[in-house]
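my_file-v1.pdb follows (PDB, C-alpha atoms and all ligand atoms):
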```
ATOM      1  CA  MET A  27       7.153  56.102-129.550
ATOM      2  CA  GLN A  28       3.999  55.141-127.699
ATOM      3  CA  ILE A  29       2.853  51.584-127.027
ATOM      4  CA  ILE A  30      -0.866  51.051-127.652
ATOM      5  CA  ASP A  31      -2.276  49.295-124.584
ATOM      6  CA  GLY A  32      -4.932  46.923-125.901
ATOM      7  CA  LYS A  33      -5.405  45.355-122.502
ATOM      8  CA  GLU A  34      -6.439  48.668-120.983
ATOM      9  CA  ILE A  35      -8.745  49.660-123.842
ATOM     10  CA  SER A  36     -10.334  46.188-123.901
ATOM     11  CA  ASN A  37     -11.018  46.461-120.172
ATOM     12  CA  ARG A  38     -12.722  49.807-120.772
ATOM     13  CA  VAL A  39     -14.927  48.284-123.492
ATOM     14  CA  LYS A  40     -15.778  45.328-121.236
ATOM     15  CA  GLU A  41     -16.678  47.644-118.342
ATOM     16  CA  ARG A  42     -19.043  49.571-120.620
ATOM     17  CA  VAL A  43     -20.615  46.338-121.892
ATOM     18  CA  LYS A  44     -20.993  45.000-118.361
ATOM     19  CA  ALA A  45     -22.694  48.173-117.113
ATOM     20  CA  GLU A  46     -25.157  48.069-120.025
ATOM     21  CA  ALA A  47     -25.758  44.327-119.564
ATOM     22  CA  ILE A  48     -26.620  44.914-115.898
ATOM     23  CA  ALA A  49     -29.050  47.689-116.894
ATOM     24  CA  LEU A  50     -30.707  45.333-119.412
ATOM     25  CA  LYS A  51     -30.968  42.615-116.764
ATOM     26  CA  ASP A  52     -33.044  44.984-114.656
ATOM     27  CA  MET A  53     -35.440  45.073-117.626
ATOM     28  CA  GLY A  54     -35.561  41.264-117.779
ATOM     29  CA  ILE A  55     -33.164  40.994-120.741
ATOM     30  CA  THR A  56     -30.006  38.864-120.548
ATOM     31  CA  PRO A  57     -27.859  39.305-123.666
ATOM     32  CA  THR A  58     -26.815  35.755-124.524
ATOM     33  CA  LEU A  59     -24.075  34.389-126.758
ATOM     34  CA  ALA A  60     -24.088  30.837-128.132
ATOM     35  CA  VAL A  61     -20.679  29.510-129.154
ATOM     36  CA  ILE A  62     -20.301  26.365-131.240
ATOM     37  CA  LEU A  63     -17.034  24.439-131.274
ATOM     38  CA  VAL A  64     -16.611  21.403-133.505
ATOM     39  CA  GLY A  65     -13.652  19.068-132.908
ATOM     40  CA  GLU A  66     -10.649  19.040-130.618
ATOM     41  CA  ASP A  67      -8.380  21.815-131.947
ATOM     42  CA  LYS A  68      -6.402  23.015-128.925
ATOM     43  CA  ALA A  69      -6.143  26.692-129.926
ATOM     44  CA  SER A  70      -9.888  26.815-130.678
ATOM     45  CA  GLN A  71     -10.671  25.212-127.296
ATOM     46  CA  THR A  72      -8.613  27.915-125.584
ATOM     47  CA  TYR A  73     -10.345  30.718-127.533
ATOM     48  CA  VAL A  74     -13.803  29.323-126.803
ATOM     49  CA  ALA A  75     -13.055  28.914-123.077
ATOM     50  CA  SER A  76     -11.846  32.501-122.991
ATOM     51  CA  LYS A  77     -14.994  33.743-124.798
ATOM     52  CA  GLU A  78     -17.245  31.885-122.314
ATOM     53  CA  LYS A  79     -15.354  33.263-119.314
ATOM     54  CA  SER A  80     -15.448  36.862-120.560
ATOM     55  CA  THR A  81     -19.144  36.645-121.471
ATOM     56  CA  ILE A  82     -20.028  35.532-117.950
ATOM     57  CA  ALA A  83     -17.703  38.147-116.410
ATOM     58  CA  CYS A  84     -19.706  40.819-118.282
ATOM     59  CA  GLU A  85     -22.967  39.542-116.732
ATOM     60  CA  MET A  86     -24.193  38.103-120.013
ATOM     61  CA  GLY A  87     -25.501  34.616-120.792
ATOM     62  CA  SER A  88     -23.142  32.044-122.305
ATOM     63  CA  VAL A  89     -24.248  28.833-124.017
ATOM     64  CA  ALA A  90     -21.559  26.505-125.365
ATOM     65  CA  HIS A  91     -22.167  23.655-127.806
ATOM     66  CA  LYS A  92     -19.096  21.432-128.007
ATOM     67  CA  LEU A  93     -19.555  18.895-130.764
ATOM     68  CA  PRO A  94     -17.361  15.955-131.808
ATOM     69  CA  GLU A  95     -15.111  16.091-134.887
ATOM     70  CA  SER A  96     -17.459  13.558-136.543
ATOM     71  CA  THR A  97     -20.408  16.020-136.525
ATOM     72  CA  THR A  98     -21.949  16.208-140.006
ATOM     73  CA  GLN A  99     -22.689  19.404-141.868
ATOM     74  CA  ASP A 100     -26.428  18.669-141.648
ATOM     75  CA  GLU A 101     -26.224  18.185-137.874
ATOM     76  CA  LEU A 102     -24.444  21.515-137.518
ATOM     77  CA  LEU A 103     -26.989  23.242-139.776
ATOM     78  CA  ALA A 104     -29.797  21.771-137.665
ATOM     79  CA  LEU A 105     -28.252  23.203-134.484
ATOM     80  CA  ILE A 106     -27.899  26.635-136.116
ATOM     81  CA  GLU A 107     -31.571  26.509-137.130
ATOM     82  CA  LEU A 108     -32.524  25.818-133.506
ATOM     83  CA  LEU A 109     -30.394  28.714-132.254
ATOM     84  CA  ASN A 110     -31.763  31.034-134.963
ATOM     85  CA  ALA A 111     -35.294  30.256-133.783
ATOM     86  CA  ASP A 112     -34.483  30.549-130.058
ATOM     87  CA  ASP A 113     -35.405  34.054-128.932
ATOM     88  CA  SER A 114     -33.225  33.795-125.811
ATOM     89  CA  ILE A 115     -30.102  33.646-128.032
ATOM     90  CA  ASP A 116     -28.774  37.023-129.257
ATOM     91  CA  GLY A 117     -25.451  36.022-130.775
ATOM     92  CA  ILE A 118     -24.297  32.874-132.585
ATOM     93  CA  LEU A 119     -20.600  32.238-133.124
ATOM     94  CA  VAL A 120     -19.208  29.184-134.897
ATOM     95  CA  GLN A 121     -15.538  28.864-134.028
ATOM     96  CA  LEU A 122     -13.320  28.556-137.109
ATOM     97  CA  PRO A 123     -11.638  26.618-138.569
ATOM     98  CA  LEU A 124     -14.225  23.857-138.978
ATOM     99  CA  PRO A 125     -13.262  20.254-139.817
ATOM    100  CA  LYS A 126     -12.526  19.737-143.527
ATOM    101  CA  HIS A 127     -15.719  17.786-144.267
ATOM    102  CA  ILE A 128     -17.823  20.842-143.381
ATOM    103  CA  ASP A 129     -18.266  23.750-145.819
ATOM    104  CA  SER A 130     -17.642  26.869-143.679
ATOM    105  CA  ASN A 131     -19.373  29.173-146.151
ATOM    106  CA  LYS A 132     -22.595  27.123-145.982
ATOM    107  CA  ILE A 133     -22.484  27.252-142.179
ATOM    108  CA  LEU A 134     -21.811  30.993-141.958
ATOM    109  CA  GLU A 135     -24.624  31.691-144.448
ATOM    110  CA  ALA A 136     -27.061  29.696-142.283
ATOM    111  CA  ILE A 137     -26.641  32.014-139.290
ATOM    112  CA  ASP A 138     -29.416  34.599-138.923
ATOM    113  CA  PRO A 139     -27.667  37.868-139.937
ATOM    114  CA  SER A 140     -29.330  39.630-136.972
ATOM    115  CA  LYS A 141     -27.478  37.209-134.618
ATOM    116  CA  ASP A 142     -24.206  37.133-136.602
ATOM    117  CA  VAL A 143     -21.970  38.742-133.965
ATOM    118  CA  ASP A 144     -18.836  37.659-135.873
ATOM    119  CA  GLY A 145     -19.978  39.708-138.880
ATOM    120  CA  PHE A 146     -19.094  36.907-141.331
ATOM    121  CA  HIS A 147     -22.509  36.501-143.029
ATOM    122  CA  PRO A 148     -22.535  37.890-146.614
ATOM    123  CA  ILE A 149     -25.376  40.258-145.608
ATOM    124  CA  ASN A 150     -23.162  41.845-142.953
ATOM    125  CA  VAL A 151     -20.135  41.823-145.277
ATOM    126  CA  GLY A 152     -22.278  43.682-147.833
ATOM    127  CA  LYS A 153     -23.508  46.162-145.241
ATOM    128  CA  LEU A 154     -19.939  46.931-144.164
ATOM    129  CA  ASN A 155     -18.879  47.487-147.751
ATOM    130  CA  SER A 156     -21.917  49.699-148.380
ATOM    131  CA  GLY A 157     -21.235  51.741-145.249
ATOM    132  CA  LEU A 158     -24.495  50.511-143.633
ATOM    133  CA  ASP A 159     -24.981  49.558-139.998
ATOM    134  CA  GLY A 160     -24.534  45.830-139.381
ATOM    135  CA  PHE A 161     -22.203  43.496-137.538
ATOM    136  CA  VAL A 162     -18.504  44.094-138.150
ATOM    137  CA  PRO A 163     -15.870  41.357-137.578
ATOM    138  CA  CYS A 164     -14.449  41.696-134.071
ATOM    139  CA  THR A 165     -10.709  42.000-134.709
ATOM    140  CA  PRO A 166     -10.869  44.865-137.245
ATOM    141  CA  LEU A 167     -13.608  46.530-135.172
ATOM    142  CA  GLY A 168     -11.285  46.337-132.151
ATOM    143  CA  ILE A 169      -8.477  47.923-134.169
ATOM    144  CA  MET A 170     -10.750  50.844-135.098
ATOM    145  CA  GLU A 171     -11.535  51.238-131.387
ATOM    146  CA  LEU A 172      -7.786  51.389-130.604
ATOM    147  CA  LEU A 173      -7.236  54.018-133.313
ATOM    148  CA  LYS A 174     -10.131  56.065-131.906
ATOM    149  CA  GLU A 175      -9.036  55.792-128.277
ATOM    150  CA  TYR A 176      -5.497  56.886-129.179
ATOM    151  CA  ASN A 177      -6.820  59.779-131.317
ATOM    152  CA  ILE A 178      -5.115  58.449-134.431
ATOM    153  CA  GLU A 179      -6.506  60.352-137.404
ATOM    154  CA  VAL A 180      -7.457  58.000-140.236
ATOM    155  CA  SER A 181      -9.068  60.356-142.738
ATOM    156  CA  GLY A 182      -6.678  61.412-145.489
ATOM    157  CA  LYS A 183      -3.978  58.938-144.417
ATOM    158  CA  ASN A 184      -2.350  56.249-146.533
ATOM    159  CA  ALA A 185      -3.078  52.892-144.909
ATOM    160  CA  VAL A 186      -1.665  49.525-145.933
ATOM    161  CA  VAL A 187      -3.352  46.328-144.806
ATOM    162  CA  ILE A 188      -1.123  43.279-145.263
ATOM    163  CA  GLY A 189      -3.286  40.172-145.536
ATOM    164  CA  ARG A 190      -6.600  39.654-147.347
ATOM    165  CA  SER A 191      -8.525  37.219-145.135
ATOM    166  CA  ASN A 192     -12.290  37.506-144.688
ATOM    167  CA  ILE A 193     -11.774  37.646-140.899
ATOM    168  CA  VAL A 194      -9.235  40.488-140.743
ATOM    169  CA  GLY A 195      -7.710  41.916-143.940
ATOM    170  CA  LYS A 196     -10.774  42.590-146.086
ATOM    171  CA  PRO A 197     -13.046  44.002-143.341
ATOM    172  CA  MET A 198     -10.106  46.046-141.980
ATOM    173  CA  ALA A 199      -9.591  47.634-145.386
ATOM    174  CA  ALA A 200     -13.324  48.413-145.654
ATOM    175  CA  LEU A 201     -13.383  50.090-142.224
ATOM    176  CA  LEU A 202     -10.309  52.210-142.978
ATOM    177  CA  LEU A 203     -11.759  53.161-146.363
ATOM    178  CA  ASN A 204     -15.101  54.120-144.770
ATOM    179  CA  ALA A 205     -13.130  56.265-142.316
ATOM    180  CA  GLY A 206     -11.522  58.204-145.146
ATOM    181  CA  ALA A 207      -8.142  56.523-145.559
ATOM    182  CA  THR A 208      -6.544  55.742-148.905
ATOM    183  CA  VAL A 209      -6.204  51.997-148.554
ATOM    184  CA  THR A 210      -3.908  49.469-150.174
ATOM    185  CA  ILE A 211      -4.489  45.772-149.522
ATOM    186  CA  ALA A 212      -1.211  43.892-149.875
ATOM    187  CA  HIS A 213      -0.845  40.104-149.863
ATOM    188  CA  SER A 214       1.432  37.231-150.816
ATOM    189  CA  LYS A 215       1.331  38.140-154.532
ATOM    190  CA  THR A 216       2.127  41.837-153.979
ATOM    191  CA  LYS A 217       5.300  43.020-155.723
ATOM    192  CA  ASP A 218       7.779  45.181-153.800
ATOM    193  CA  LEU A 219       5.893  45.198-150.528
ATOM    194  CA  ALA A 220       8.576  47.322-148.857
ATOM    195  CA  LYS A 221       7.909  50.169-151.294
ATOM    196  CA  VAL A 222       4.143  49.884-150.767
ATOM    197  CA  CYS A 223       4.566  50.041-146.981
ATOM    198  CA  GLN A 224       7.063  52.927-147.055
ATOM    199  CA  ASN A 225       4.258  55.075-148.456
ATOM    200  CA  ALA A 226       1.962  54.413-145.476
ATOM    201  CA  GLN A 227       1.242  56.313-142.274
ATOM    202  CA  ILE A 228      -0.781  53.364-140.953
ATOM    203  CA  ILE A 229       0.251  49.718-141.432
ATOM    204  CA  VAL A 230      -1.913  46.793-140.313
ATOM    205  CA  VAL A 231      -0.107  43.473-140.600
ATOM    206  CA  ALA A 232      -2.083  40.225-140.421
ATOM    207  CA  VAL A 233      -0.131  37.452-142.116
ATOM    208  CA  GLY A 234       0.732  34.999-139.322
ATOM    209  CA  LYS A 235       4.520  35.057-139.839
ATOM    210  CA  PRO A 236       7.008  36.153-137.147
ATOM    211  CA  ASN A 237       9.327  39.031-138.142
ATOM    212  CA  PHE A 238       7.449  39.568-141.431
ATOM    213  CA  LEU A 239       7.307  43.367-141.127
ATOM    214  CA  THR A 240      10.868  44.676-140.866
ATOM    215  CA  ALA A 241      12.227  48.129-140.026
ATOM    216  CA  ASP A 242      13.213  48.960-143.632
ATOM    217  CA  MET A 243       9.522  48.691-144.644
ATOM    218  CA  VAL A 244       8.319  51.235-142.086
ATOM    219  CA  ASN A 245       8.262  54.996-142.570
ATOM    220  CA  ASP A 246       9.453  57.161-139.642
ATOM    221  CA  GLY A 247       6.447  58.084-137.508
ATOM    222  CA  ALA A 248       4.134  55.374-138.875
ATOM    223  CA  VAL A 249       1.463  53.684-136.746
ATOM    224  CA  VAL A 250       1.915  49.894-136.805
ATOM    225  CA  ILE A 251      -0.911  47.548-135.832
ATOM    226  CA  ASP A 252       0.250  43.943-135.412
ATOM    227  CA  VAL A 253      -2.534  41.345-135.632
ATOM    228  CA  GLY A 254      -0.219  38.303-135.632
ATOM    229  CA  ILE A 255      -0.238  35.750-132.837
ATOM    230  CA  ASN A 256       2.633  33.325-133.427
ATOM    231  CA  ARG A 257       3.958  30.816-130.921
ATOM    232  CA  LEU A 258       7.731  30.307-131.351
ATOM    233  CA  ASP A 259       9.457  26.954-130.639
ATOM    234  CA  ASN A 260      10.736  28.409-127.351
ATOM    235  CA  GLY A 261       7.127  29.038-126.291
ATOM    236  CA  LYS A 262       7.322  32.819-126.712
ATOM    237  CA  LEU A 263       4.295  34.596-128.227
ATOM    238  CA  VAL A 264       5.192  37.097-130.967
ATOM    239  CA  GLY A 265       3.367  39.094-133.631
ATOM    240  CA  ASP A 266       4.120  39.538-137.343
ATOM    241  CA  CYS A 267       6.449  42.446-136.811
ATOM    242  CA  ASP A 268      10.167  42.581-135.955
ATOM    243  CA  TYR A 269       9.137  44.551-132.881
ATOM    244  CA  ASP A 270      12.553  45.483-131.432
ATOM    245  CA  ASN A 271      13.683  47.101-134.673
ATOM    246  CA  VAL A 272      10.333  48.428-135.930
ATOM    247  CA  ALA A 273       9.080  50.019-132.688
ATOM    248  CA  PRO A 274      11.763  52.766-132.478
ATOM    249  CA  LYS A 275      10.681  54.067-135.928
ATOM    250  CA  CYS A 276       6.963  54.224-135.084
ATOM    251  CA  SER A 277       4.872  56.961-133.526
ATOM    252  CA  MET A 278       2.686  54.201-132.059
ATOM    253  CA  ILE A 279       2.685  50.411-132.149
ATOM    254  CA  THR A 280       0.653  47.541-130.704
ATOM    255  CA  PRO A 281       2.629  44.961-128.715
ATOM    256  CA  VAL A 282       2.061  41.187-128.829
ATOM    257  CA  PRO A 283       0.668  40.060-126.484
ATOM    258  CA  GLY A 284      -1.462  42.886-125.063
ATOM    259  CA  GLY A 285      -2.243  44.803-128.255
ATOM    260  CA  VAL A 286      -4.908  43.720-130.728
ATOM    261  CA  GLY A 287      -5.536  40.303-129.120
ATOM    262  CA  PRO A 288      -7.584  41.406-126.092
ATOM    263  CA  MET A 289      -9.750  43.658-128.288
ATOM    264  CA  THR A 290     -11.264  40.765-130.260
ATOM    265  CA  ILE A 291     -13.210  39.291-127.352
ATOM    266  CA  ALA A 292     -14.160  42.741-126.043
ATOM    267  CA  MET A 293     -15.765  43.588-129.403
ATOM    268  CA  LEU A 294     -17.499  40.191-129.527
ATOM    269  CA  LEU A 295     -19.166  41.068-126.223
ATOM    270  CA  SER A 296     -19.981  44.539-127.534
ATOM    271  CA  ASN A 297     -21.567  42.992-130.664
ATOM    272  CA  THR A 298     -23.598  40.580-128.520
ATOM    273  CA  LEU A 299     -24.903  43.478-126.440
ATOM    274  CA  LYS A 300     -25.730  45.379-129.649
ATOM    275  CA  SER A 301     -27.683  42.376-130.944
ATOM    276  CA  ALA A 302     -29.700  42.096-127.717
ATOM    277  CA  LYS A 303     -30.511  45.808-127.837
ATOM    278  CA  ASN A 304     -31.462  45.639-131.553
ATOM    279  CA  ARG A 305     -33.609  42.577-131.089
ATOM    280  CA  LYS A 306     -35.218  43.277-127.720
ATOM    281  CA  LEU A 307     -35.389  47.040-127.259
ATOM    282  CA  LYS A 308     -36.198  48.219-130.780
ATOM    283  CA  GLY A 309     -39.495  47.447-132.493
TER     284      GLY A 309
HETATM  285  N1  LIG B 401     -11.086  31.771-135.580
HETATM  286  C1  LIG B 401     -10.086  32.686-135.550
HETATM  287  N2  LIG B 401     -10.594  33.930-135.367
HETATM  288  C2  LIG B 401     -11.938  33.787-135.284
HETATM  289  C3  LIG B 401     -13.006  34.704-135.096
HETATM  290  O1  LIG B 401     -12.847  35.926-134.980
HETATM  291  N3  LIG B 401     -14.245  34.172-135.052
HETATM  292  C4  LIG B 401     -14.463  32.842-135.196
HETATM  293  N4  LIG B 401     -15.719  32.405-135.162
HETATM  294  N5  LIG B 401     -13.497  31.958-135.369
HETATM  295  C5  LIG B 401     -12.245  32.441-135.413
END
```
Please express what this file holds, its structure, as structure tokens.
Ligand code: GUN
Amino acid sequence: MQIIDGKEISNRVKERVKAEAIALKDMGITPTLAVILVGEDKASQTYVASKEKSTIACEMGSVAHKLPESTTQDELLALIELLNADDSIDGILVQLPLPKHIDSNKILEAIDPSKDVDGFHPINVGKLNSGLDGFVPCTPLGIMELLKEYNIEVSGKNAVVIGRSNIVGKPMAALLLNAGATVTIAHSKTKDLAKVCQNAQIIVVAVGKPNFLTADMVNDGAVVIDVGINRLDNGKLVGDCDYDNVAPKCSMITPVPGGVGPMTIAMLLSNTLKSAKNRKLKG
């Protein structure tokens, strides 16, 4: 059994991004990411701080807009319009979840698809599903990078994605399908999940429940990718998988922390660089 080192691979991605960002700077281009945070959610504040820090560490520009919980939908839309029109901004990220009085779909649709580094705009969702080049959501894109770096063959494999969110499950399934896997998307209504999983050589679990994926569900030699980040009452961070019992059955597995988690920000930086190159080097 091999442990997939997401920290190491994310550092490699960040080094590549940094080197390219420095080369662009010499041409007068600073790839710049604008992050919008609405409200006081502690986890979101931590994520946004981490995104700002990593952006700066990769020699890119970081602009943060921290807005109060009382911000109206129209005020947020007005800010997005300004950022869409600002040529110095290459990427726009609105941290989710948004307060309940704001319609997330309306906000995500307002972002210029050419600056949508999260890949959540319907245009980019459509491109992914059509196999066209666009922005791909960062967590599933990071998982594909891990599979590539560890030479895990996807084509012809049975893959099960557990979870059907727009952020992880659905784009993950599309990427695996585009790469030639036979993909099953399982979710809370799926009957006999254990049987579905036992048929898979690749399992991606993204449900947000500790110990959800148990050893009896996993085929010998399977690759298990654990997207969960769950904080237990004792403060310990765990994934969605019963790691101690599942890991011995796997050929490879991502740990939590240090697996998928670090890849998300690395791919956000990679997407921001891609946007700057698309917008400022081409045509
Ligand atoms: N909230 C949880 N994950 C994400 C993400 O990937 N992007 C954004 N914008 N918000 C999130």
What's around Val74 (chain A) at 9 Å? Count all atoms listed in the file, leave out sequence neighbours fewer than 3 positions away in its own chain, and write the answer as a compact mmCIF listing (two decimals) with C-alpha atoms, in the coordinates of the input.
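Listing of selection18.txt after writing:
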```
# COMPACT_ATOMS: atom_id res chain seq x y z
CA VAL A 61 -20.68 29.51 -129.15
CA ILE A 62 -20.30 26.36 -131.24
CA LEU A 63 -17.03 24.44 -131.27
CA ALA A 69 -6.14 26.69 -129.93
CA SER A 70 -9.89 26.82 -130.68
CA GLN A 71 -10.67 25.21 -127.30
CA LYS A 77 -14.99 33.74 -124.80
CA GLU A 78 -17.24 31.88 -122.31
CA LYS A 79 -15.35 33.26 -119.31
CA ALA A 90 -21.56 26.50 -125.36
CA GLN A 121 -15.54 28.86 -134.03
```
Between A:Asp113, A:Asp259, A:Asp268, A:Glu34, single out the one closest to Met243 (chain A), counting only C-alpha atoms.
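Ranking A:Asp113, A:Asp259, A:Asp268, A:Glu34 by distance to Met243 (chain A), first place goes to A:Asp268.
Within the 10 Å cut-off around Ser214 (chain A), using all atoms listed in the file and omitting residues fewer than 2 positions from it on the same chain, the listed residues are A:Ile188, A:Gly189, A:Arg190, A:Ala212, A:Thr216, A:Lys217, A:Leu219, A:Val233.
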Take the residues from that selection and write them out as a short mmCIF file (atom, residue, chain, number, x, y, z; two decimals), in the frame of the given file, keeping C-alpha atoms.
```cif
data_model
loop_
_atom_site.label_atom_id
_atom_site.label_comp_id
_atom_site.auth_asym_id
_atom_site.auth_seq_id
_atom_site.Cartn_x
_atom_site.Cartn_y
_atom_site.Cartn_z
CA ILE A 188 -1.12 43.28 -145.26
CA GLY A 189 -3.29 40.17 -145.54
CA ARG A 190 -6.60 39.65 -147.35
CA ALA A 212 -1.21 43.89 -149.88
CA THR A 216 2.13 41.84 -153.98
CA LYS A 217 5.30 43.02 -155.72
CA LEU A 219 5.89 45.20 -150.53
CA VAL A 233 -0.13 37.45 -142.12
#
```
With all atoms listed in the file as the basis for distance, which of A:Cys164, A:Ala75, A:Val230, A:Val250 is at the shortest distance from ligand LIG 401 (chain B)?
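Smallest separation from ligand LIG 401 (chain B) among the options: A:Cys164.
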Protein, DNA and RNA residues within 10 Å of (-18.6, 36.8, -137.6), only C-alpha atoms, as a short mmCIF file (atom, residue, chain, number, x, y, z; two decimals) with C-alpha atoms, in the coordinates of the input:
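Wrote it out as part-v3.cif, contents follow:
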```
data_model
loop_
_atom_site.label_atom_id
_atom_site.label_comp_id
_atom_site.auth_asym_id
_atom_site.auth_seq_id
_atom_site.Cartn_x
_atom_site.Cartn_y
_atom_site.Cartn_z
CA GLY A 117 -25.45 36.02 -130.78
CA ILE A 118 -24.30 32.87 -132.58
CA LEU A 119 -20.60 32.24 -133.12
CA VAL A 120 -19.21 29.18 -134.90
CA GLN A 121 -15.54 28.86 -134.03
CA LEU A 122 -13.32 28.56 -137.11
CA LEU A 134 -21.81 30.99 -141.96
CA ILE A 137 -26.64 32.01 -139.29
CA PRO A 139 -27.67 37.87 -139.94
CA LYS A 141 -27.48 37.21 -134.62
CA ASP A 142 -24.21 37.13 -136.60
CA VAL A 143 -21.97 38.74 -133.96
CA ASP A 144 -18.84 37.66 -135.87
CA GLY A 145 -19.98 39.71 -138.88
CA PHE A 146 -19.09 36.91 -141.33
CA HIS A 147 -22.51 36.50 -143.03
CA PRO A 148 -22.54 37.89 -146.61
CA ASN A 150 -23.16 41.84 -142.95
CA VAL A 151 -20.14 41.82 -145.28
CA PHE A 161 -22.20 43.50 -137.54
CA VAL A 162 -18.50 44.09 -138.15
CA PRO A 163 -15.87 41.36 -137.58
CA CYS A 164 -14.45 41.70 -134.07
CA THR A 165 -10.71 42.00 -134.71
CA ASN A 192 -12.29 37.51 -144.69
CA ILE A 193 -11.77 37.65 -140.90
CA LEU A 294 -17.50 40.19 -129.53
CA ASN A 297 -21.57 42.99 -130.66
#
```
Using all atoms listed in the file, which of A:Gly261, A:Gly65, A:Pro288, A:Pro123 sits nearest ligand LIG 401 (chain B)?
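Between A:Gly261, A:Gly65, A:Pro288, A:Pro123, the residue approaching ligand LIG 401 (chain B) most closely is A:Pro123.
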Please expand the PyMOL selection byres (((chain A and resi 255) around 8) and not hetatm) into the concrete residues it hits in this file, giving the result as a ChimeraX atom specification.
/A:234,253-254,256-257,263-266,282-283,287
List, as a list in words, every residue that the PyMOL selection byres (((chain A and resi 166-176) around 6) and not hetatm) selects in the file provided.
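When the PyMOL selection byres (((chain A and resi 166-176) around 6) and not hetatm) is applied to the shown file, the picked residues are Cys164, Thr165, Asn177, Ile178, Val194, Met198, Met289, Thr290 and Met293 of chain A.
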Test item: the PyMOL selection byres (((chain A and resi 136) around 10) and not hetatm) resolved as a PDB file with C-alpha atoms, in the frame of the given file:
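File out-v2.pdb, as written:
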```
ATOM      1  CA  LEU A 102     -24.444  21.515-137.518  1.00  0.00           C
ATOM      2  CA  LEU A 103     -26.989  23.242-139.776  1.00  0.00           C
ATOM      3  CA  ALA A 104     -29.797  21.771-137.665  1.00  0.00           C
ATOM      4  CA  ILE A 106     -27.899  26.635-136.116  1.00  0.00           C
ATOM      5  CA  GLU A 107     -31.571  26.509-137.130  1.00  0.00           C
ATOM      6  CA  ASN A 110     -31.763  31.034-134.963  1.00  0.00           C
ATOM      7  CA  SER A 130     -17.642  26.869-143.679  1.00  0.00           C
ATOM      8  CA  ASN A 131     -19.373  29.173-146.151  1.00  0.00           C
ATOM      9  CA  LYS A 132     -22.595  27.123-145.982  1.00  0.00           C
ATOM     10  CA  ILE A 133     -22.484  27.252-142.179  1.00  0.00           C
ATOM     11  CA  LEU A 134     -21.811  30.993-141.958  1.00  0.00           C
ATOM     12  CA  GLU A 135     -24.624  31.691-144.448  1.00  0.00           C
ATOM     13  CA  ILE A 137     -26.641  32.014-139.290  1.00  0.00           C
ATOM     14  CA  ASP A 138     -29.416  34.599-138.923  1.00  0.00           C
ATOM     15  CA  PRO A 139     -27.667  37.868-139.937  1.00  0.00           C
ATOM     16  CA  ASP A 142     -24.206  37.133-136.602  1.00  0.00           C
ATOM     17  CA  HIS A 147     -22.509  36.501-143.029  1.00  0.00           C
TER      18      HIS A 147
END
```
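Between ligand LIG 401 (chain B) and the residues A:Ala292, A:Val231, A:Val272, A:Ala302, the shortest atom-to-atom distance, using all atoms listed in the file, involves A:Ala292.
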What separates CA of Gly195 (chain A) and CA of Ile211 (chain A) is a distance of 7.5 Å
Please determine, counting all atoms listed in the file, which residue among A:Leu59, A:Met53, A:Val222, A:Cys84 has the shortest atom-to-atom distance to Glu41 (chain A).
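Of A:Leu59, A:Met53, A:Val222, A:Cys84, the one nearest Glu41 (chain A), counting all atoms listed in the file, is A:Cys84.
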